[in-house]
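Visitor: Got a structure for you, written out below as structure tokens; questions coming shortly.
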Amino acid sequence: MKKTVLAVLTALSLGQLAFMPASMAQPARILAPDFADLVEKASPAVVNIRTTEQRAAAQQAQGGLPPGIPEEQAEFFRRFFGVPMPGAPKSGPSTPGQPREAERGVGSGFIIDSNGLILTNAHVVEGADKIYVTLTDKREFTAKLLGADKRTDVAVLKIEATGLPKLPLGDSSKLRVGEWVLAIGSPFGLENTVTAGIVSAKSRDTGDYLPFIQTDVAVNPGNSGGPLINTAGQVIGINSQIFSRSGGYMGISFAIPIDEAMRVADQLRTTGKLVRGRIGVALGDLSKEMAETLGLGRPRGAYVRNVEPNGPAASGGIEAGDVILTFGGRDISKSSDLPRIVGETKPGTKASVQVWRKGSARDLSVVVADAEASTKTAAAKKPDSSASAATSNNPFGLGVTELSDAKKRELNVKSGVEITSLGEGAAARSGIRVGDVIVRVGDSDVTSVKQFEGLTKGLDANRAVALFVRRADSTLIVPLRPKAP
């Protein structure tokens with residue numbers, strides 16, 4: 001009888017569990033992956049890189065920096081992720097008056113082709129007279145530098161060997177924030193060191209041409225150039241930079257997306273250099289308030305502060321004050337997107353461009369030029385003081401005067417009014433300066449003092465309006481609210 005009751009109670013308990021509401025169920029646990037098999041397979045394709053240079057015997061092995069600077073500071077100043085460490089190969093004996101081969105630094109790299117092609121960072125091999133690559137089986141090779149690009153920090157090396165293990169390449173565009181990743185490299189010269197973490201952020205802007213992958217993987221001096229690997233064993237980035245106040249790891253590291261790196265590497269291995277496009281514009285960011293006053297609704301696109309006279313953008317009809325929304329059919333979310341997209345475009349390409357101007361979108365086309373071509377910069381000129389002393393009554397409290405022909409030539413503008421005084425209030429706090437030139441109010445060009453007065457009369461005191469202000473070689477957008485009458 002006792003067994004029967006127990007069986008019934010057990011059945012009831014199981015039945016209750018079967019019908020337990022989802023809200024009462026225990027959440028699934030996410031366990032950290034076991035990287036052991038992955039590391040065992042990937043490690044043979046990760047290499048140690050050490051560089052040397054010819055130095056006079058009196059020089060100190062600190063990368064050419066003055067003697068007496070602490071090593072950690074020398075590391076910081078030269079941004080060289082790899083320093084000679086205890087246990088690293090020593091420089092050979094020197095003869096008085098003769099240069100000697102001195103250790104410059106150490107870093108990491110990884111094999112992308114079994115015939116000896118290696119990917120690393122440009123700063124790892126910068127300034128090196130000789131580059132030595134050591135494999136995990138302790139074989140050492142003298143490497144040839146096929147090409148390096150400082151702007152993207154990518155370099156391609158070649159060693160004379162065949163049948164080498166190589167790492168498969170992944171798709172960094174499919175990387176997800178929170179995904180597990182690991183780094184293999186030679187931090188502080190300690191070969192084959194593995195660290196793991198997660199992807200903290202994507203498309204982190206820290207430079208002109210690269211949207212970095214941010215991780216919390218421990219990366220230290222010597223890790224630079226090593227691979228960032230996903231749980232499928234594929235390379236999705238090259239460890240390149242750290243955020244640090246001390247020169248060592250502080251919880252944030254950055255990697256070059258492998259898609260971007262290979263685009264650069266393919267050019268370097270074939271031509272030895274990277275060819276970039278340019279259109280000749282200076283850019284600025286849009287704030288939320290600026291975007292609203294322009295009628296964009298939200299900050300997007302690349303704001304054009306200045307256009308190079310007679311450059312590709314000017315020839316294509318782009319003007320200072322425009323907001324570039326698309327280039328070559330690709331959306332521009334923020335200003336830093338444009339240099340990357342233009343840089344990827346082959347010089348000579350005719351690219352479609354959509355700009356936002358005076359409250360509407362306009363379609364233009366621009367012929368992309370070679371970024372290496374020299375550009376002319378206009379010489380700075382002294383402010384012209386021959387303008388009329390006429391002033392204006394306007395709801396911004398600004399004193400303005402007619403624009404002289406000399407000032408027009410100096411600022412490369414067709415018309416506008418020059419600010420002679422700021423008065424008090426919002427205008428004085430807005431960042432506008434005496435000597436600035438107002439070229440547009442909202443969607444209307446400014447042609448004279450009288451016309452400026454007409455444009456500003458009747459403006460809504462509860463709504464900011466965009467003043468387009470020309471200063472030196474830049475056009476600024478200043479959202480300003482008129483004073484109540």
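The chains in the structure tokens are called A, B, ... from first to last as shown; in each chain the residues are counted from 1, and the ligands are counted from 1 in the order shown.
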For segment 161-173 of chain A, find every residue with an atom within 10 Å (counting only C-alpha atoms), except residues of its own chain fewer than 4 positions away, and show them as a PyMOL selection string.
Guide: chain A and resi 41-46+110-118+135+141+202-203+213+227+229-230+232-237+256-260+262
Visitor: Residues near Asp370 of chain A, anyone? I mean within 7 Å using only C-alpha atoms, not counting same-chain ones fewer than 3 positions away, as a PDB file with N, CA and C atoms, in the first residue's frame.
Guide:
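Listed below is the output, result.pdb:
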```pdb
ATOM      1  N   ARG A 276      44.181  54.274 -53.132  1.00  0.00           N
ATOM      2  CA  ARG A 276      42.929  54.744 -52.538  1.00  0.00           C
ATOM      3  C   ARG A 276      42.312  55.841 -53.397  1.00  0.00           C
ATOM      4  N   GLY A 277      40.991  55.930 -53.291  1.00  0.00           N
ATOM      5  CA  GLY A 277      40.287  57.002 -53.969  1.00  0.00           C
ATOM      6  C   GLY A 277      40.111  58.196 -53.056  1.00  0.00           C
ATOM      7  N   ARG A 278      39.878  59.356 -53.658  1.00  0.00           N
ATOM      8  CA  ARG A 278      39.602  60.578 -52.915  1.00  0.00           C
ATOM      9  C   ARG A 278      38.693  61.468 -53.764  1.00  0.00           C
ATOM     10  N   PRO A 347      40.351  54.689 -58.354  1.00  0.00           N
ATOM     11  CA  PRO A 347      40.465  55.995 -59.020  1.00  0.00           C
ATOM     12  C   PRO A 347      40.042  55.902 -60.480  1.00  0.00           C
ATOM     13  N   ALA A 373      47.652  61.571 -55.293  1.00  0.00           N
ATOM     14  CA  ALA A 373      47.914  62.765 -56.099  1.00  0.00           C
ATOM     15  C   ALA A 373      48.056  63.977 -55.198  1.00  0.00           C
TER      16      ALA A 373
END
```
Visitor: Nearest to Ser240 of chain A among A:Leu119, A:Leu274, A:Val264, A:Val307, with distances taken over only C-alpha atoms: which residue is it?
Guide: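 Of all the options, A:Leu119 lies closest to Ser240 of chain A.
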Visitor: Rounded to one decimal in Å, what is the spacing between atom CA of Gly316 of chain A and atom CA of Ala282 of chain A?
Guide: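 Interatomic distance here is 15.2 Å.
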Visitor: Between atom CA of Thr349 of chain A and atom CA of Arg269 of chain A, measure the distance and give it in Å to one decimal.
Guide: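 Interatomic distance, atom CA of Thr349 of chain A to atom CA of Arg269 of chain A: 22.7 Å.
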Visitor: For Val281 of chain A, work out the shell of residues within 12 Å, counting only C-alpha atoms and skipping chain neighbours fewer than 6 positions away, then give it as a ChimeraX atom specification.
Guide: /A:302-324,335,338-339,342,366,368-369,371,375,473-475
Visitor: Those residues with C-alpha atoms, as an mmCIF file, in the first residue's frame please?
Guide:
```
data_model
loop_
_atom_site.group_PDB
_atom_site.id
_atom_site.type_symbol
_atom_site.label_atom_id
_atom_site.label_comp_id
_atom_site.auth_asym_id
_atom_site.auth_seq_id
_atom_site.Cartn_x
_atom_site.Cartn_y
_atom_site.Cartn_z
ATOM 1 C CA ALA A 302 28.566 62.989 -43.932
ATOM 2 C CA TYR A 303 28.454 66.766 -43.515
ATOM 3 C CA VAL A 304 30.711 68.617 -45.989
ATOM 4 C CA ARG A 305 32.588 71.428 -44.233
ATOM 5 C CA ASN A 306 34.716 72.329 -47.231
ATOM 6 C CA VAL A 307 35.226 71.390 -50.868
ATOM 7 C CA GLU A 308 38.650 71.488 -52.487
ATOM 8 C CA PRO A 309 38.582 74.060 -55.324
ATOM 9 C CA ASN A 310 38.653 72.338 -58.727
ATOM 10 C CA GLY A 311 38.731 68.941 -57.006
ATOM 11 C CA PRO A 312 36.585 65.904 -57.914
ATOM 12 C CA ALA A 313 33.739 66.845 -55.540
ATOM 13 C CA ALA A 314 33.633 70.459 -56.742
ATOM 14 C CA SER A 315 33.623 69.311 -60.370
ATOM 15 C CA GLY A 316 30.743 66.986 -59.560
ATOM 16 C CA GLY A 317 28.641 69.770 -58.048
ATOM 17 C CA ILE A 318 29.102 69.021 -54.335
ATOM 18 C CA GLU A 319 29.083 72.183 -52.222
ATOM 19 C CA ALA A 320 30.164 73.086 -48.707
ATOM 20 C CA GLY A 321 27.109 72.688 -46.486
ATOM 21 C CA ASP A 322 25.861 69.579 -48.291
ATOM 22 C CA VAL A 323 25.226 66.337 -46.420
ATOM 23 C CA ILE A 324 26.321 63.272 -48.422
ATOM 24 C CA SER A 335 30.945 60.948 -41.546
ATOM 25 C CA LEU A 338 32.638 58.139 -46.348
ATOM 26 C CA PRO A 339 36.483 58.059 -46.310
ATOM 27 C CA VAL A 342 35.671 56.441 -51.162
ATOM 28 C CA VAL A 366 31.734 62.362 -59.014
ATOM 29 C CA VAL A 368 37.067 59.537 -57.986
ATOM 30 C CA ALA A 369 40.713 60.642 -58.023
ATOM 31 C CA ALA A 371 44.502 59.778 -53.046
ATOM 32 C CA THR A 375 46.580 68.642 -53.746
ATOM 33 C CA ASP A 473 38.241 76.783 -45.224
ATOM 34 C CA SER A 474 35.236 75.307 -43.393
ATOM 35 C CA THR A 475 31.476 75.762 -43.543
#
```
Visitor: Pick out the residues sitting within 12 Å of Ala361 of chain A, and hand them over as JSON, numbers by chain; count only C-alpha atoms, and ignore anything fewer than 2 positions along from it in its own chain.
Guide: {"A": [294, 295, 296, 301, 322, 323, 324, 325, 326, 353, 354, 355, 356, 357, 358, 359, 363, 364]}
Visitor: Of the candidates A:Ile341, A:Val39, A:Ala426, A:Val199, which shows the shortest atom-to-atom distance to Ala461 of chain A, using only C-alpha atoms?
Guide: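 Distance minimum relative to Ala461 of chain A lands on A:Ala426.
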Visitor: Near Ala183 of chain A, within 6 Å and counting only C-alpha atoms, which residues show up once chain neighbours fewer than 2 positions away are dropped, as an mmCIF file with C-alpha atoms, in the first residue's frame?
Guide:
```
data_model
loop_
_atom_site.group_PDB
_atom_site.id
_atom_site.type_symbol
_atom_site.label_atom_id
_atom_site.label_comp_id
_atom_site.auth_asym_id
_atom_site.auth_seq_id
_atom_site.Cartn_x
_atom_site.Cartn_y
_atom_site.Cartn_z
ATOM 1 C CA VAL A 194 46.170 32.085 -25.780
ATOM 2 C CA THR A 195 43.619 34.492 -24.282
ATOM 3 C CA PRO A 227 44.798 36.454 -35.185
ATOM 4 C CA LEU A 228 41.443 36.979 -33.496
#
```
Visitor: Determine, counting only C-alpha atoms, which protein, DNA and RNA residues have an atom within 7 Å of an atom of Val437 of chain A; residues of the same chain fewer than 2 positions away are not included. Present the result as a PyMOL selection string.
Guide: chain A and resi 416-419+435+439+469-471
Visitor: Could you check which of A:Thr293, A:Thr120, A:Thr193, A:Gln451 is closest to Arg463 of chain A, using only C-alpha atoms?
Guide: A:Thr293
